[in-house]
Protein chains: 2
Amino acid sequence: MKNLEEIKGVLMDIDGTVFRGNHLIKGAKEVIEELRTNGKKILFFSNRGNISRRMATDKLMKAGISVEKEEIILSSYVAAQFLRTNYPTKSAWVLGEIGLIEELEEAEVQIAKKPTEADLLVVSLHEHLTYADLNDAFKAVRAGARIIATNSDKSFPAETGEAIDVGGILGAIESATNRRADVVVGKPSHFMVDEAMKQLRLEPEKCVIIGDSLGSDMAMGELFGFTTALVLTGGTNREQAESYSGRLDFILPSIASLCNTDLKEEM
Amino acid sequence: MKNLEEIKGVLMDIDGTVFRGNHLIKGAKEVIEELRTNGKKILFFSNRGNISRRMATDKLMKAGISVEKEEIILSSYVAAQFLRTNYPTKSAWVLGEIGLIEELEEAEVQIAKKPTEADLLVVSLHEHLTYADLNDAFKAVRAGARIIATNSDKSFPAETGEAIDVGGILGAIESATNRRADVVVGKPSHFMVDEAMKQLRLEPEKCVIIGDSLGSDMAMGELFGFTTALVLTGGTNREQAESYSGRLDFILPSIASLCNTDLKEEM
């Protein structure tokens with residue numbers, strides 16, 4: 001599946017692919033419009049666990065990209081669905097931000113009143129984290145809470161360059177407690193793919209995943225049989241792409257090349 | 001060496017042994033006075049890397065324990081000495097607090113102006129840490145800085161119970177960068193013992209180390225041939241002590257038992 005015309009669905013990473021920090025990547029809006037004009041289904045598909053689908057919708061809409069909440073799959077949302085399904089009677093302590101809490105509350109996940117009373121610790125990106133937050137999470141796990149992480153990316157592309165991501169925050173808790181996360185929800189896991197496929201209702205082989213990360217976007221694409229397209233506007237440069245041992249169907253300078261180029265020439 | 005009378009020097013852990021948080025442990029002051037009356041040399045000996053010897057002196061003096069700065073060995077001080085000796089022309093970025101910076105400046109270690117310009121990252125306990133601090137440290141290591149940690153304890157005994165320690169903060173950086181610390185200065189390393197022995201000028205077999213940690217105090221004692229005395233006023237309870245596979249010469253309910261008990265009966 002190397003021809004865009006045969007593709008029916010696009011799983012589109014957000015950070016480093018559509019945006020870099022808060023800055024819309026040149027040509028992203030036009031490509032999205034063109035894909036839709038050509039009848040492609042688009043799903044925005046991000047490992048971001050600190051924002052809710054509502055917040056992601058607002059960000060895309062403000063950038064001029066029209067989108068419904070149901071066209072967005074975030075690790076915050078998928079984590080909330082995972083907890084609702086698997087731990088309906090359990091309570092969670094959150095090492096994360098308001099966007100994650102919003103998704104947990106929408107999924108009716110019970111939030112613990114104290115760290116030491118929690119059955120589960122949900123860890124996500126927390127850009128306003130303090131020592132006290134780390135310490136609360138530490139106490140929750142020491143008291144027996146199991147660790148669920150929205151994702152385990154080591155860095156994400158912020159406006160000022162690569163910034164430390166959940167992989168670091170989770171590493172703090174794992175190192176101090178000698179406990180590993182029971183579940184990491186985000187890409188490249190099947191949890192994200194399952195939720196995406198519920199929305200898209202297409203076979204993986206009819207879909208392309210476009211993203212900037214080798215370890216999450218491209219690895220997931222290979223694992224689940226999607227066509228893969230790496231963009232170089234995020235956390236991966238051409239040198240890293242060319243030395244990657246996994247499958248990469250396309251390497252694109254940016255998302256803007258997705259429609260304008262004969263993809264075969266990009267191989 | 002199981003008899004206190006044969007002991008000439010005491011390496012005395014601070015947190016969990018003399019203090020619990022800011023609270024002086026009952027009988028600590030009196031035991032210290034009695035040891036000194038009996039001609040024992042005392043060295044306060046702590047893995048705390050976020051305070052300076054000046055700050056530790058103030059804390060002990062305020063609690064009524066007279067002490068000179070030279071009678072205190074902290075991992076902040078030992079880390080500063082390590083950098084002065086081994087990296088005299090290199091600059092360091094600090095993920096830590098003012099006490100560490102004070103020791104580094106006293107040892108004339110150059111502090112980098114930007115994380116990305118640092119040759120070394122010095123990691124310590126940072127009870128006011130924010131996401132931005134973690135991110136700066138991450139950037140330093142991503143740009144090539146080697147990691148030096150004051151210690152790697154997973155927790156320390158705070159007033160409100162065990163709190164997350166450098167092991168967690170260091171774990172965040174190590175996990176996000178895939179780099180391990182080059183050097184961990186604190187107990188049970190030889191760096192701490194070397195500095196202590198410079199001050200005490202005694203053979204290890206003439207000294208007892210008293211502390212609350214199996215992994216740092218007791219492990220170090222065994223490794224370097226000290227008599228070891230575990231107190232149960234900190235991070236270790238009797239059950240953990242009794243299932244410990246290493247050598248423990250004495251298990252004491254608290255430091256108060258050090259003089260009043262025939263130590264042999266405590267075995």
# chains A, B, ... in the order shown; residues from 1 in each chain; ligands from 1

call {"tool": "closest_atom_pairs", "arguments": {"of": "chain B", "to": "chain A", "cutoff": "8 Å", "atoms": "only C-alpha atoms", "output": "Markdown table"}}
result
| residue | atom | partner | partner_atom | distance |
| --- | --- | --- | --- | --- |
| B:His126 | CA | A:Tyr131 | CA | 7.3 |
| B:Glu127 | CA | A:Tyr131 | CA | 5.5 |
| B:His128 | CA | A:Tyr131 | CA | 5.7 |
| B:Leu129 | CA | A:Tyr131 | CA | 5.0 |
| B:Thr130 | CA | A:Thr130 | CA | 4.4 |
| B:Tyr131 | CA | A:Leu129 | CA | 5.0 |
| B:Ala132 | CA | A:Glu127 | CA | 7.6 |
| B:Leu134 | CA | A:Ile164 | CA | 7.4 |
| B:Asn135 | CA | A:Ile164 | CA | 5.4 |
| B:Phe138 | CA | A:Ile164 | CA | 6.3 |
| B:Lys139 | CA | A:Ala163 | CA | 7.5 |
| B:Lys154 | CA | A:Ala176 | CA | 4.6 |
| B:Ser155 | CA | A:Ala176 | CA | 6.9 |
| B:Glu162 | CA | A:Lys139 | CA | 7.9 |
| B:Ala163 | CA | A:Asn135 | CA | 6.0 |
| B:Ile164 | CA | A:Asn135 | CA | 5.4 |
| B:Asp165 | CA | A:Ala176 | CA | 7.3 |
| B:Gly167 | CA | A:Ala176 | CA | 5.5 |
| B:Gly168 | CA | A:Ala172 | CA | 4.0 |
| B:Ile169 | CA | A:Ala172 | CA | 5.5 |
| B:Leu170 | CA | A:Ala172 | CA | 7.0 |
| B:Gly171 | CA | A:Ala172 | CA | 4.6 |
| B:Ala172 | CA | A:Gly168 | CA | 4.0 |
| B:Ile173 | CA | A:Gly168 | CA | 6.0 |
| B:Glu174 | CA | A:Gly168 | CA | 7.6 |
| B:Ser175 | CA | A:Gly171 | CA | 5.3 |
| B:Ala176 | CA | A:Gly168 | CA | 4.5 |
| B:Thr177 | CA | A:Lys154 | CA | 7.2 |

call {"tool": "residues_around", "arguments": {"residues": "Pro204 (chain B)", "least_positions_apart": "4", "cutoff": "10 Å", "atoms": "only C-alpha atoms", "output": "mmCIF file with C-alpha atoms, in the first residue's frame"}}
result
data_model
loop_
_atom_site.group_PDB
_atom_site.id
_atom_site.type_symbol
_atom_site.label_atom_id
_atom_site.label_comp_id
_atom_site.auth_asym_id
_atom_site.auth_seq_id
_atom_site.Cartn_x
_atom_site.Cartn_y
_atom_site.Cartn_z
ATOM 1 C CA ILE B 7 35.315 2.302 69.347
ATOM 2 C CA LYS B 8 37.172 5.581 68.826
ATOM 3 C CA GLY B 9 35.059 7.200 66.117
ATOM 4 C CA VAL B 10 31.381 7.436 65.269
ATOM 5 C CA LEU B 11 30.071 8.105 61.776
ATOM 6 C CA VAL B 193 34.454 7.186 53.223
ATOM 7 C CA MET B 197 38.612 9.232 57.021
ATOM 8 C CA LEU B 200 38.639 11.216 61.512
ATOM 9 C CA VAL B 208 31.015 2.513 64.172
ATOM 10 C CA ILE B 209 28.570 3.786 61.582
ATOM 11 C CA GLY B 221 29.794 -0.160 56.907
ATOM 12 C CA PHE B 224 34.616 -0.757 54.295
ATOM 13 C CA GLY B 225 34.961 -2.698 57.528
ATOM 14 C CA PHE B 226 33.143 -0.499 60.041
ATOM 15 C CA THR B 227 31.103 -1.790 62.949
#

call {"tool": "residues_around", "arguments": {"residues": "Leu74 (chain B)", "least_positions_apart": "4", "cutoff": "12 Å", "atoms": "only C-alpha atoms", "output": "MDAnalysis selection string"}}
result
chainID B and resid 11:15 43:57 69:70 78:81 99:100 103 124 150:151 185:187 191:193 195:196

call {"tool": "closest_residue", "arguments": {"among": "B:Ser76, B:Ser245, B:Asn3, B:Thr85", "to": "Ile101 (chain B)", "atoms": "only C-alpha atoms"}}
result
B:Ser76

call {"tool": "select_by_dssp", "arguments": {"residues": "region 168-218 of chain B", "states": "strand (DSSP E)", "output": "PyMOL selection string"}}
result
chain B and resi 183-184+207-211

call {"tool": "atom_distance", "arguments": {"atom1": "CA of Leu83 (chain A)", "atom2": "CA of Ala112 (chain A)"}}
result
13.5 Å

call {"tool": "closest_residue", "arguments": {"among": "B:Asp212, B:Glu159, B:Asp58, B:Glu117", "to": "Gly144 (chain B)", "atoms": "only C-alpha atoms"}}
result
B:Glu117

call {"tool": "atom_distance", "arguments": {"atom1": "CA of Leu202 (chain A)", "atom2": "CA of Pro188 (chain A)"}}
result
18.3 Å

call {"tool": "residues_around", "arguments": {"residues": "Ile25 (chain B)", "least_positions_apart": "4", "cutoff": "10 Å", "atoms": "only C-alpha atoms", "output": "PyMOL selection string"}}
result
chain B and resi 15-21+29+233+254-256

call {"tool": "decode", "arguments": {"residues": "region 86-102 of chain B", "atoms": "N, CA, C and O atoms", "output": "short mmCIF file (atom, residue, chain, number, x, y, z; two decimals), in the first residue's frame"}}
result
data_model
loop_
_atom_site.label_atom_id
_atom_site.label_comp_id
_atom_site.auth_asym_id
_atom_site.auth_seq_id
_atom_site.Cartn_x
_atom_site.Cartn_y
_atom_site.Cartn_z
N ASN B 86 38.49 16.36 40.00
CA ASN B 86 38.49 15.62 38.73
C ASN B 86 38.14 16.45 37.50
O ASN B 86 38.47 16.06 36.40
N TYR B 87 37.40 17.53 37.70
CA TYR B 87 36.97 18.35 36.56
C TYR B 87 37.25 19.83 36.82
O TYR B 87 36.34 20.65 36.75
N PRO B 88 38.50 20.18 37.11
CA PRO B 88 38.77 21.56 37.53
C PRO B 88 38.46 22.62 36.46
O PRO B 88 38.20 23.76 36.80
N THR B 89 38.47 22.22 35.19
CA THR B 89 38.24 23.22 34.14
C THR B 89 36.85 23.13 33.54
O THR B 89 36.54 23.82 32.58
N LYS B 90 36.00 22.27 34.10
CA LYS B 90 34.69 22.04 33.49
C LYS B 90 33.59 22.80 34.22
O LYS B 90 33.74 23.15 35.39
N SER B 91 32.49 23.01 33.52
CA SER B 91 31.38 23.74 34.14
C SER B 91 30.20 22.79 34.39
O SER B 91 29.99 21.83 33.66
N ALA B 92 29.46 23.12 35.43
CA ALA B 92 28.37 22.24 35.86
C ALA B 92 27.02 22.96 35.83
O ALA B 92 26.93 24.15 36.13
N TRP B 93 25.97 22.22 35.45
CA TRP B 93 24.60 22.68 35.63
C TRP B 93 24.07 21.95 36.85
O TRP B 93 24.39 20.78 37.05
N VAL B 94 23.29 22.65 37.66
CA VAL B 94 22.85 22.08 38.93
C VAL B 94 21.34 21.81 38.92
O VAL B 94 20.55 22.73 38.68
N LEU B 95 20.98 20.54 39.11
CA LEU B 95 19.58 20.21 39.41
C LEU B 95 19.56 19.97 40.92
O LEU B 95 19.78 18.85 41.39
N GLY B 96 19.41 21.04 41.66
CA GLY B 96 19.51 20.93 43.11
C GLY B 96 19.25 22.28 43.75
O GLY B 96 18.89 23.23 43.06
N GLU B 97 19.52 22.35 45.02
CA GLU B 97 19.14 23.54 45.77
C GLU B 97 20.35 24.35 46.21
O GLU B 97 21.49 23.98 45.96
N ILE B 98 20.06 25.46 46.89
CA ILE B 98 21.06 26.45 47.25
C ILE B 98 22.21 25.87 48.07
O ILE B 98 23.36 26.29 47.91
N GLY B 99 21.90 24.87 48.90
CA GLY B 99 22.95 24.27 49.73
C GLY B 99 24.03 23.61 48.90
O GLY B 99 25.23 23.70 49.20
N LEU B 100 23.61 22.94 47.83
CA LEU B 100 24.57 22.32 46.91
C LEU B 100 25.38 23.39 46.19
O LEU B 100 26.61 23.28 46.07
N ILE B 101 24.68 24.41 45.73
CA ILE B 101 25.37 25.49 45.01
C ILE B 101 26.41 26.15 45.93
O ILE B 101 27.53 26.47 45.49
N GLU B 102 26.06 26.32 47.20
CA GLU B 102 26.98 26.90 48.18
C GLU B 102 28.27 26.08 48.27
O GLU B 102 29.38 26.64 48.25
#
